[in-house]
file upload04.txt (compact mmCIF, C-alpha atoms)
# COMPACT_ATOMS: atom_id res chain seq x y z
CA MET A 1 -46.89 -2.17 -41.54
CA ALA A 2 -49.14 -0.63 -38.86
CA GLY A 3 -46.78 -1.91 -36.18
CA GLU A 4 -43.90 -0.14 -37.90
CA THR A 5 -45.77 3.17 -37.95
CA VAL A 6 -46.62 2.83 -34.26
CA GLU A 7 -42.99 2.20 -33.41
CA THR A 8 -41.72 5.22 -35.31
CA ASP A 9 -44.40 7.35 -33.64
CA ILE A 10 -43.33 6.15 -30.20
CA GLY A 11 -39.70 6.61 -31.15
CA GLU A 12 -40.38 10.16 -32.26
CA ALA A 13 -42.36 10.89 -29.12
CA ALA A 14 -39.52 9.54 -26.98
CA ALA A 15 -36.96 11.63 -28.81
CA GLU A 16 -39.13 14.66 -28.33
CA THR A 17 -39.52 14.02 -24.62
CA VAL A 18 -35.75 13.86 -24.26
CA GLU A 19 -35.31 17.32 -25.63
CA HIS A 20 -38.15 19.03 -23.83
CA GLY A 21 -37.78 22.22 -21.88
CA ALA A 22 -36.66 25.10 -24.02
CA ASP A 23 -37.25 22.98 -27.06
CA ALA A 24 -40.82 22.38 -25.96
CA VAL A 25 -41.52 26.08 -26.11
CA HIS A 26 -39.66 26.28 -29.40
CA GLY A 27 -41.62 23.35 -30.82
CA ALA A 28 -44.87 24.72 -29.46
CA ALA A 29 -44.04 28.12 -30.82
CA GLU A 30 -43.84 26.79 -34.34
CA HIS A 31 -46.90 24.63 -34.11
CA GLY A 32 -49.52 27.36 -34.36
CA VAL A 33 -52.04 28.22 -37.02
CA GLY A 34 -50.68 30.07 -40.02
CA GLY A 35 -47.08 30.52 -38.90
CA HIS A 36 -47.09 32.56 -35.69
CA SER A 37 -48.11 30.66 -32.59
CA PRO A 38 -49.35 32.39 -29.44
CA LEU A 39 -46.45 30.83 -27.54
CA GLU A 40 -43.80 32.42 -29.74
CA GLN A 41 -43.76 35.55 -27.58
CA PHE A 42 -42.18 33.60 -24.72
CA GLN A 43 -39.10 32.54 -26.65
CA ILE A 44 -35.80 33.58 -25.12
CA LYS A 45 -33.63 35.30 -27.69
CA ARG A 46 -29.91 35.78 -27.25
CA LEU A 47 -29.20 39.46 -27.86
CA ILE A 48 -25.45 39.31 -27.13
CA PRO A 49 -24.10 35.74 -27.26
CA ILE A 50 -21.55 35.20 -24.49
CA GLU A 51 -20.02 31.83 -23.75
CA ILE A 52 -17.64 31.37 -20.82
CA GLY A 53 -16.12 27.96 -20.18
CA GLY A 54 -18.86 26.05 -21.96
CA LEU A 55 -21.64 27.87 -20.10
CA ASP A 56 -24.11 29.90 -22.11
CA LEU A 57 -24.19 33.25 -20.30
CA SER A 58 -25.66 35.24 -23.18
CA PHE A 59 -27.38 38.52 -22.58
CA THR A 60 -30.95 37.58 -23.43
CA ASN A 61 -34.14 39.56 -23.94
CA SER A 62 -35.20 38.38 -20.49
CA ALA A 63 -32.03 39.88 -18.96
CA LEU A 64 -32.58 43.09 -20.92
CA PHE A 65 -36.04 43.57 -19.47
CA MET A 66 -34.84 42.75 -15.97
CA LEU A 67 -32.22 45.49 -16.39
CA ILE A 68 -34.87 47.89 -17.68
CA ALA A 69 -37.10 47.13 -14.70
CA VAL A 70 -34.28 47.66 -12.19
CA ALA A 71 -33.23 50.88 -13.92
CA LEU A 72 -36.82 52.16 -13.91
CA ILE A 73 -37.34 51.32 -10.25
CA THR A 74 -34.06 52.96 -9.23
CA LEU A 75 -34.71 56.05 -11.33
CA PHE A 76 -38.27 56.36 -10.05
CA LEU A 77 -37.28 56.09 -6.39
CA THR A 78 -34.14 58.25 -6.48
CA TYR A 79 -35.55 60.96 -8.72
CA SER A 80 -38.88 61.27 -6.95
CA MET A 81 -37.25 61.52 -3.53
CA SER A 82 -34.60 63.97 -4.67
CA SER A 83 -36.80 66.97 -3.89
CA ARG A 84 -37.10 65.92 -0.23
CA ALA A 85 -40.08 68.15 0.39
CA LEU A 86 -41.76 67.81 3.78
CA VAL A 87 -45.13 68.05 2.10
CA PRO A 88 -44.66 65.74 -0.90
CA GLY A 89 -45.55 66.67 -4.45
CA ARG A 90 -47.15 64.18 -6.82
CA LEU A 91 -44.07 62.15 -7.74
CA GLN A 92 -42.70 62.04 -4.22
CA SER A 93 -46.15 60.98 -3.02
CA MET A 94 -46.08 57.96 -5.30
CA ALA A 95 -42.72 56.84 -3.97
CA GLU A 96 -43.84 57.40 -0.37
CA LEU A 97 -47.12 55.59 -1.01
CA SER A 98 -45.34 52.51 -2.35
CA TYR A 99 -43.05 52.56 0.70
CA GLU A 100 -46.03 52.91 3.06
CA PHE A 101 -47.93 50.17 1.28
CA ILE A 102 -45.21 47.61 1.85
CA ALA A 103 -44.36 48.89 5.33
CA ASN A 104 -48.01 48.54 6.37
CA MET A 105 -48.23 45.10 4.81
CA ILE A 106 -45.21 43.97 6.80
CA ARG A 107 -46.40 45.54 10.03
CA GLU A 108 -49.84 43.93 9.71
CA ASN A 109 -48.67 40.49 8.67
CA VAL A 110 -45.33 40.02 10.35
CA GLY A 111 -45.33 42.52 13.21
CA THR A 112 -42.50 44.74 14.36
CA GLU A 113 -39.80 42.08 13.96
CA GLY A 114 -40.48 41.98 10.26
CA ARG A 115 -39.07 45.48 9.84
CA ARG A 116 -35.58 44.15 9.18
CA TYR A 117 -36.87 42.24 6.13
CA PHE A 118 -38.43 45.32 4.58
CA PRO A 119 -35.70 45.93 1.94
CA PHE A 120 -36.03 42.37 0.63
CA ILE A 121 -39.81 42.43 0.50
CA PHE A 122 -39.90 45.88 -1.06
CA THR A 123 -37.41 44.79 -3.73
CA LEU A 124 -39.41 41.62 -4.39
CA PHE A 125 -42.65 43.55 -4.78
CA MET A 126 -41.23 46.23 -7.05
CA PHE A 127 -39.34 43.74 -9.21
CA ILE A 128 -42.41 41.59 -9.80
CA LEU A 129 -44.68 44.62 -10.25
CA PHE A 130 -42.45 46.30 -12.81
CA GLY A 131 -41.81 43.00 -14.55
CA ASN A 132 -45.52 42.29 -14.90
CA LEU A 133 -46.33 45.84 -16.01
CA LEU A 134 -43.46 46.05 -18.51
CA GLY A 135 -44.89 42.93 -20.10
CA MET A 136 -48.11 44.77 -20.88
CA ILE A 137 -46.27 47.01 -23.36
CA PRO A 138 -46.83 45.59 -26.87
CA TYR A 139 -43.88 43.69 -28.32
CA SER A 140 -42.06 43.61 -24.99
CA PHE A 141 -41.05 40.56 -22.99
CA THR A 142 -42.50 39.46 -19.63
CA TYR A 143 -39.68 37.92 -17.65
CA THR A 144 -42.09 36.79 -14.92
CA SER A 145 -43.82 34.55 -17.46
CA HIS A 146 -40.96 32.05 -17.25
CA ILE A 147 -41.13 29.39 -14.56
CA ILE A 148 -37.38 29.52 -13.99
CA VAL A 149 -37.52 33.20 -13.01
CA THR A 150 -40.52 32.83 -10.71
CA PHE A 151 -39.16 29.60 -9.29
CA ALA A 152 -35.85 31.30 -8.49
CA MET A 153 -37.70 34.00 -6.56
CA ALA A 154 -39.98 31.51 -4.79
CA ALA A 155 -37.00 29.30 -3.92
CA VAL A 156 -35.17 32.27 -2.41
CA VAL A 157 -38.26 33.09 -0.34
CA PHE A 158 -38.74 29.47 0.76
CA VAL A 159 -35.12 28.77 1.63
CA GLY A 160 -34.75 32.19 3.27
CA VAL A 161 -37.86 31.77 5.41
CA THR A 162 -36.83 28.24 6.47
CA VAL A 163 -33.32 29.41 7.38
CA ILE A 164 -34.77 32.35 9.33
CA GLY A 165 -37.07 29.94 11.16
CA PHE A 166 -34.25 27.58 12.13
CA ALA A 167 -31.95 30.46 13.03
CA ARG A 168 -34.48 31.98 15.37
CA HIS A 169 -35.91 28.89 17.00
CA GLY A 170 -33.41 26.11 16.39
CA ALA A 171 -34.96 22.66 16.37
CA LYS A 172 -38.16 24.07 17.89
CA PHE A 173 -38.96 25.40 14.43
CA LEU A 174 -40.38 21.95 13.68
CA LYS A 175 -43.19 22.76 16.09
CA LEU A 176 -44.65 24.69 13.18
CA PHE A 177 -45.87 21.40 11.77
CA VAL A 178 -47.67 20.38 14.95
CA PRO A 179 -50.79 22.53 15.29
CA SER A 180 -52.04 23.04 18.82
CA GLY A 181 -55.23 21.52 20.16
CA VAL A 182 -55.09 18.38 18.03
CA PRO A 183 -56.03 14.94 19.45
CA VAL A 184 -52.94 12.73 19.71
CA PHE A 185 -54.14 9.96 17.44
CA LEU A 186 -54.50 12.40 14.55
CA LEU A 187 -51.00 13.82 14.98
CA PRO A 188 -49.00 11.48 12.69
CA LEU A 189 -51.34 12.06 9.77
CA LEU A 190 -51.60 15.79 10.42
CA VAL A 191 -47.84 16.30 10.68
CA VAL A 192 -47.34 14.60 7.32
CA ILE A 193 -50.02 16.78 5.76
CA GLU A 194 -48.51 19.91 7.29
CA VAL A 195 -45.00 19.07 6.07
CA LEU A 196 -46.25 18.32 2.57
CA SER A 197 -48.21 21.54 2.40
CA TYR A 198 -45.13 23.44 3.62
CA LEU A 199 -42.99 21.84 0.92
CA THR A 200 -45.45 22.75 -1.82
CA ARG A 201 -45.22 26.45 -0.93
CA PRO A 202 -42.43 27.36 -3.40
CA ILE A 203 -44.22 25.43 -6.14
CA SER A 204 -47.56 27.12 -5.61
CA LEU A 205 -45.92 30.53 -5.21
CA SER A 206 -43.95 30.25 -8.43
CA VAL A 207 -46.61 28.51 -10.55
CA ARG A 208 -49.26 31.03 -9.53
CA LEU A 209 -47.25 33.98 -10.87
CA PHE A 210 -45.89 32.16 -13.92
CA ALA A 211 -49.22 30.68 -15.00
CA ASN A 212 -51.11 33.96 -14.53
CA MET A 213 -48.63 35.83 -16.70
CA MET A 214 -48.32 33.14 -19.35
CA ALA A 215 -52.06 32.49 -19.57
CA GLY A 216 -52.86 36.21 -19.81
CA HIS A 217 -50.40 36.90 -22.58
CA THR A 218 -51.31 33.73 -24.48
CA MET A 219 -54.99 34.66 -24.37
CA LEU A 220 -54.24 38.14 -25.68
CA LYS A 221 -52.23 36.65 -28.52
CA VAL A 222 -54.94 34.11 -29.39
CA PHE A 223 -57.64 36.77 -29.56
CA ALA A 224 -55.35 38.99 -31.59
CA GLY A 225 -55.13 36.13 -34.04
CA PHE A 226 -58.93 36.06 -34.19
CA VAL A 227 -59.03 39.78 -34.96
CA VAL A 228 -56.73 39.28 -37.93
CA ALA A 229 -58.56 36.16 -39.07
CA LEU A 230 -62.02 37.74 -38.91
CA GLY A 231 -60.86 40.77 -40.86
CA PHE A 232 -62.46 44.18 -41.13
CA LEU A 233 -66.16 43.24 -40.91
CA ALA A 234 -66.24 41.06 -37.80
CA GLY A 235 -62.84 41.78 -36.29
CA TRP A 236 -64.09 44.53 -34.01
CA ALA A 237 -65.75 42.01 -31.64
CA PRO A 238 -62.58 40.22 -30.54
CA LEU A 239 -60.86 43.60 -30.57
CA ALA A 240 -63.31 44.96 -27.98
CA PHE A 241 -62.68 41.84 -25.94
CA ILE A 242 -58.91 42.38 -26.18
CA VAL A 243 -59.30 45.94 -24.90
CA ALA A 244 -61.25 44.70 -21.87
CA LEU A 245 -58.82 41.80 -21.39
CA THR A 246 -55.82 44.16 -21.45
CA GLY A 247 -57.40 46.20 -18.67
CA LEU A 248 -57.98 42.99 -16.70
CA GLU A 249 -54.37 41.90 -17.35
CA ILE A 250 -53.01 45.15 -15.96
CA GLY A 251 -55.13 44.59 -12.86
CA ILE A 252 -53.86 41.02 -12.62
CA ALA A 253 -50.27 42.22 -13.05
CA VAL A 254 -50.60 44.41 -9.96
CA LEU A 255 -52.65 41.82 -8.06
CA GLN A 256 -50.15 39.00 -8.63
CA ALA A 257 -47.28 41.17 -7.40
CA TYR A 258 -49.36 41.97 -4.30
CA VAL A 259 -50.28 38.32 -3.73
CA PHE A 260 -46.67 37.09 -4.08
CA THR A 261 -45.53 39.70 -1.59
CA ILE A 262 -48.28 39.17 0.95
CA LEU A 263 -47.79 35.40 0.86
CA THR A 264 -44.08 35.98 1.49
CA CYS A 265 -45.05 38.10 4.52
CA ILE A 266 -47.42 35.37 5.75
CA TYR A 267 -44.75 32.67 5.39
CA LEU A 268 -42.28 34.93 7.17
CA ASN A 269 -44.80 35.38 9.96
CA ASP A 270 -45.17 31.60 10.26
CA ALA A 271 -41.42 31.22 10.60
CA ILE A 272 -40.89 34.07 13.07
CA HIS A 273 -43.95 33.48 15.23
CA LEU A 274 -44.42 29.73 15.31
CA HIS A 275 -48.18 29.52 15.19
CA HIS A 276 -50.52 29.53 12.26
CA MET B 1 -54.10 5.50 -30.02
CA GLU B 2 -51.66 8.03 -31.45
CA PRO B 3 -49.73 10.06 -28.91
CA GLU B 4 -51.01 13.27 -30.49
CA ALA B 5 -54.62 12.22 -29.99
CA ALA B 6 -53.91 11.10 -26.42
CA LYS B 7 -52.30 14.47 -25.67
CA LEU B 8 -55.32 16.37 -26.94
CA ILE B 9 -57.77 14.17 -25.01
CA GLY B 10 -55.70 14.52 -21.86
CA ALA B 11 -55.54 18.28 -22.19
CA GLY B 12 -59.28 18.43 -22.68
CA LEU B 13 -59.87 16.28 -19.61
CA ALA B 14 -57.61 18.54 -17.55
CA THR B 15 -59.94 21.48 -18.14
CA ILE B 16 -62.68 19.72 -16.14
CA ALA B 17 -60.70 20.83 -13.09
CA LEU B 18 -61.69 24.43 -13.80
CA ALA B 19 -65.13 23.79 -12.31
CA GLY B 20 -63.76 23.91 -8.76
CA PRO B 21 -62.17 27.37 -8.88
CA GLY B 22 -65.23 28.60 -10.75
CA VAL B 23 -67.40 27.69 -7.77
CA GLY B 24 -64.74 29.01 -5.38
CA ILE B 25 -64.37 32.44 -6.95
CA GLY B 26 -68.12 32.82 -7.19
CA THR B 27 -68.41 31.94 -3.49
CA ILE B 28 -65.78 34.49 -2.48
CA PHE B 29 -67.32 37.38 -4.32
CA GLY B 30 -70.91 36.34 -3.52
CA ASN B 31 -70.12 36.31 0.18
CA TYR B 32 -68.32 39.63 -0.12
CA ILE B 33 -71.32 41.23 -1.80
CA ALA B 34 -73.72 39.77 0.76
CA GLY B 35 -71.54 41.00 3.61
CA ALA B 36 -71.06 44.42 2.01
CA LEU B 37 -74.81 44.85 1.65
CA ARG B 38 -75.25 44.12 5.35
CA ASN B 39 -72.39 46.26 6.57
CA PRO B 40 -71.32 48.73 3.87
CA ALA B 41 -69.04 50.66 6.21
CA ALA B 42 -66.80 47.65 6.82
CA ALA B 43 -66.61 46.64 3.16
CA PRO B 44 -63.48 48.56 2.08
CA GLN B 45 -61.32 47.22 4.87
CA VAL B 46 -62.03 43.58 3.98
CA PHE B 47 -61.59 44.09 0.24
CA GLY B 48 -57.88 43.31 0.49
CA ASN B 49 -58.71 39.86 1.82
CA VAL B 50 -61.22 39.39 -1.00
CA LEU B 51 -58.52 40.02 -3.59
CA LEU B 52 -56.09 37.72 -1.78
CA GLY B 53 -58.68 34.95 -1.65
CA PHE B 54 -59.48 35.46 -5.33
CA ALA B 55 -55.84 35.23 -6.35
CA LEU B 56 -55.26 32.08 -4.32
CA THR B 57 -58.33 30.39 -5.81
CA GLU B 58 -57.38 31.50 -9.32
CA ALA B 59 -54.02 29.84 -8.78
CA ILE B 60 -55.74 26.44 -8.55
CA ALA B 61 -57.39 27.07 -11.92
CA LEU B 62 -54.00 27.91 -13.34
CA PHE B 63 -52.48 24.72 -11.95
CA ALA B 64 -55.01 22.86 -14.11
CA LEU B 65 -54.00 25.01 -17.07
CA VAL B 66 -50.34 24.18 -16.45
CA ILE B 67 -51.14 20.46 -16.47
CA ALA B 68 -53.03 20.87 -19.74
CA MET B 69 -50.07 22.76 -21.24
CA LEU B 70 -47.65 20.11 -19.97
CA GLN B 71 -49.66 17.44 -21.73
CA LEU B 72 -49.85 19.33 -24.99
CA PHE B 73 -46.32 20.59 -25.26
CA ALA B 74 -43.95 18.79 -22.94
CA PHE B 75 -44.70 15.15 -23.64

call {"tool": "encode", "arguments": {"input": "upload04.txt", "output": "structure tokens"}}
result
Amino acid sequence: MAGETVETDIGEAAAETVEHGADAVHGAAEHGVGGHSPLEQFQIKRLIPIEIGGLDLSFTNSALFMLIAVALITLFLTYSMSSRALVPGRLQSMAELSYEFIANMIRENVGTEGRRYFPFIFTLFMFILFGNLLGMIPYSFTYTSHIIVTFAMAAVVFVGVTVIGFARHGAKFLKLFVPSGVPVFLLPLLVVIEVLSYLTRPISLSVRLFANMMAGHTMLKVFAGFVVALGFLAGWAPLAFIVALTGLEIGIAVLQAYVFTILTCIYLNDAIHLHH
Amino acid sequence: MEPEAAKLIGAGLATIALAGPGVGIGTIFGNYIAGALRNPAAAPQVFGNVLLGFALTEAIALFALVIAMLQLFAF
């Protein structure tokens, strides 16, 4: 009797493991207290179902917010620079400041050869920044809180930087993994460590952004649940905490965009100038 | 042991890893404050590195959170 129950439990667990992934979020989303779980906000909803040749290419809420972010960035940059004043007004200043910020970051971290990668790094920074900030609007969707989105960006950075390294230096790019001034008997171990730490770069880059965004929004949702649960008398305490936490989350949104971008510049510097 | 109980215990154990980044972040900002009190003029120009160090250390804490989430929801 007990053995039977154990087997069905294991069978159920196995079946669940097989359909993890999107279903995990879906299952987790329904497993909260009193109906709405804090993970429900991360569910991908198909807004316009499109299926082409068996592939699900629906227009999702994630795609919608990516479009909104791109439209906002384009509008902001084109409209604010349309006045072309020599002495910039407020809006033009903001656009010029964001340009200067990234240009300085590249000049400091990569040097003058990094100039040609400015459009990519600027796009990366603005996309992540606007994505993170759009997520702070109530009832919106944070597309950077999904590992597949951040992993796609980190993979592009990793593959791009590796290709740039090999294109510039050929096979000598592998000298990156041999730090200078190391005693010979330590070299085999050190090279393995260096290669492993190089290969974990896309993982750490993507998980850092994804986990920050997901953890922040989940915490906000959990405390919001406390506000409702505690009601009118005691609900103001978690509410004050949520206000402070929202301010912190906006700071983290900007900080994570900055950190992703500056790490990209540092990795680019490693690939272009082969010394740590 | 039921899988559900094992998941919860595993997730709880994973949060022990948060001690490391706690010490790390405290070290970063403590050293920044100590340095800024010695040399206030140089403080603003190093603040960028402080934020970078903070974000990198925070990432380790979030790796532990990801493992806890994996245990609760993906297995």

call {"tool": "atom_distance", "arguments": {"input": "upload04.txt", "atom1": "atom CA of A:Gly247", "atom2": "atom CA of A:Pro88"}}
result
29.3 Å

call {"tool": "atom_distance", "arguments": {"input": "upload04.txt", "atom1": "atom CA of B:Val23", "atom2": "atom CA of A:Leu133"}}
result
29.0 Å

call {"tool": "atom_distance", "arguments": {"input": "upload04.txt", "atom1": "atom CA of A:Pro238", "atom2": "atom CA of A:Phe226"}}
result
6.6 Å

call {"tool": "closest_residue", "arguments": {"input": "upload04.txt", "among": "B:Leu65, B:Ala34, B:Val50, B:Leu56", "to": "B:Ala11", "atoms": "all atoms listed in the file"}}
result
B:Leu65

call {"tool": "closest_residue", "arguments": {"input": "upload04.txt", "among": "B:Ile33, B:Ala14, B:Val66, B:Ala42", "to": "chain A", "atoms": "only C-alpha atoms"}}
result
B:Val66

call {"tool": "interface_residues", "arguments": {"input": "upload04.txt", "of": "chain B", "to": "chain A", "cutoff": "7 Å", "atoms": "all atoms listed in the file", "output": "PyMOL selection string"}}
result
chain B and resi 52+55+59+62+66+73-75

call {"tool": "residues_around", "arguments": {"input": "upload04.txt", "residues": "B:Gly26", "least_positions_apart": "6", "cutoff": "12 Å", "atoms": "only C-alpha atoms", "output": "ChimeraX atom specification"}}
result
/B:19-20,32-34,50,53-54,57-58

call {"tool": "residues_around", "arguments": {"input": "upload04.txt", "residues": "stretch 149-159 of chain A", "least_positions_apart": "2", "cutoff": "8 Å", "atoms": "all atoms listed in the file", "output": "PyMOL selection string"}}
result
chain A and resi 143-147+161-163+201-203+205-207+209-210+264

call {"tool": "closest_residue", "arguments": {"input": "upload04.txt", "among": "A:Ala224, A:Leu268, A:Leu134, A:Ile164", "to": "A:Leu72", "atoms": "only C-alpha atoms"}}
result
A:Leu134

call {"tool": "axis_aligned_box", "arguments": {"input": "upload04.txt", "around": "stretch 45-53 of chain B", "padding_each_side": "6 Å", "output": "AutoDock Vina command-line options"}}
result
--center_x -59.1 --center_y 41.1 --center_z 0.6 --size_x 17.9 --size_y 24.3 --size_z 20.5

call {"tool": "residues_around", "arguments": {"input": "upload04.txt", "residues": "stretch 187-193 of chain A", "least_positions_apart": "4", "cutoff": "10 Å", "atoms": "all atoms listed in the file", "output": "list in words"}}
result
Leu174, Lys175, Leu176, Phe177, Val178, Pro179, Val182, Pro183, Ser197, Tyr198 and Leu199 of chain A

call {"tool": "residues_around", "arguments": {"input": "upload04.txt", "residues": "B:Gly10", "least_positions_apart": "5", "cutoff": "12 Å", "atoms": "all atoms listed in the file", "output": "MDAnalysis selection string"}}
result
chainID B and resid 3:5 15:17 64:65 67:73 75

call {"tool": "closest_residue", "arguments": {"input": "upload04.txt", "among": "A:Leu274, A:Leu91, A:Val70, A:Ala63", "to": "A:Thr142", "atoms": "all atoms listed in the file"}}
result
A:Ala63
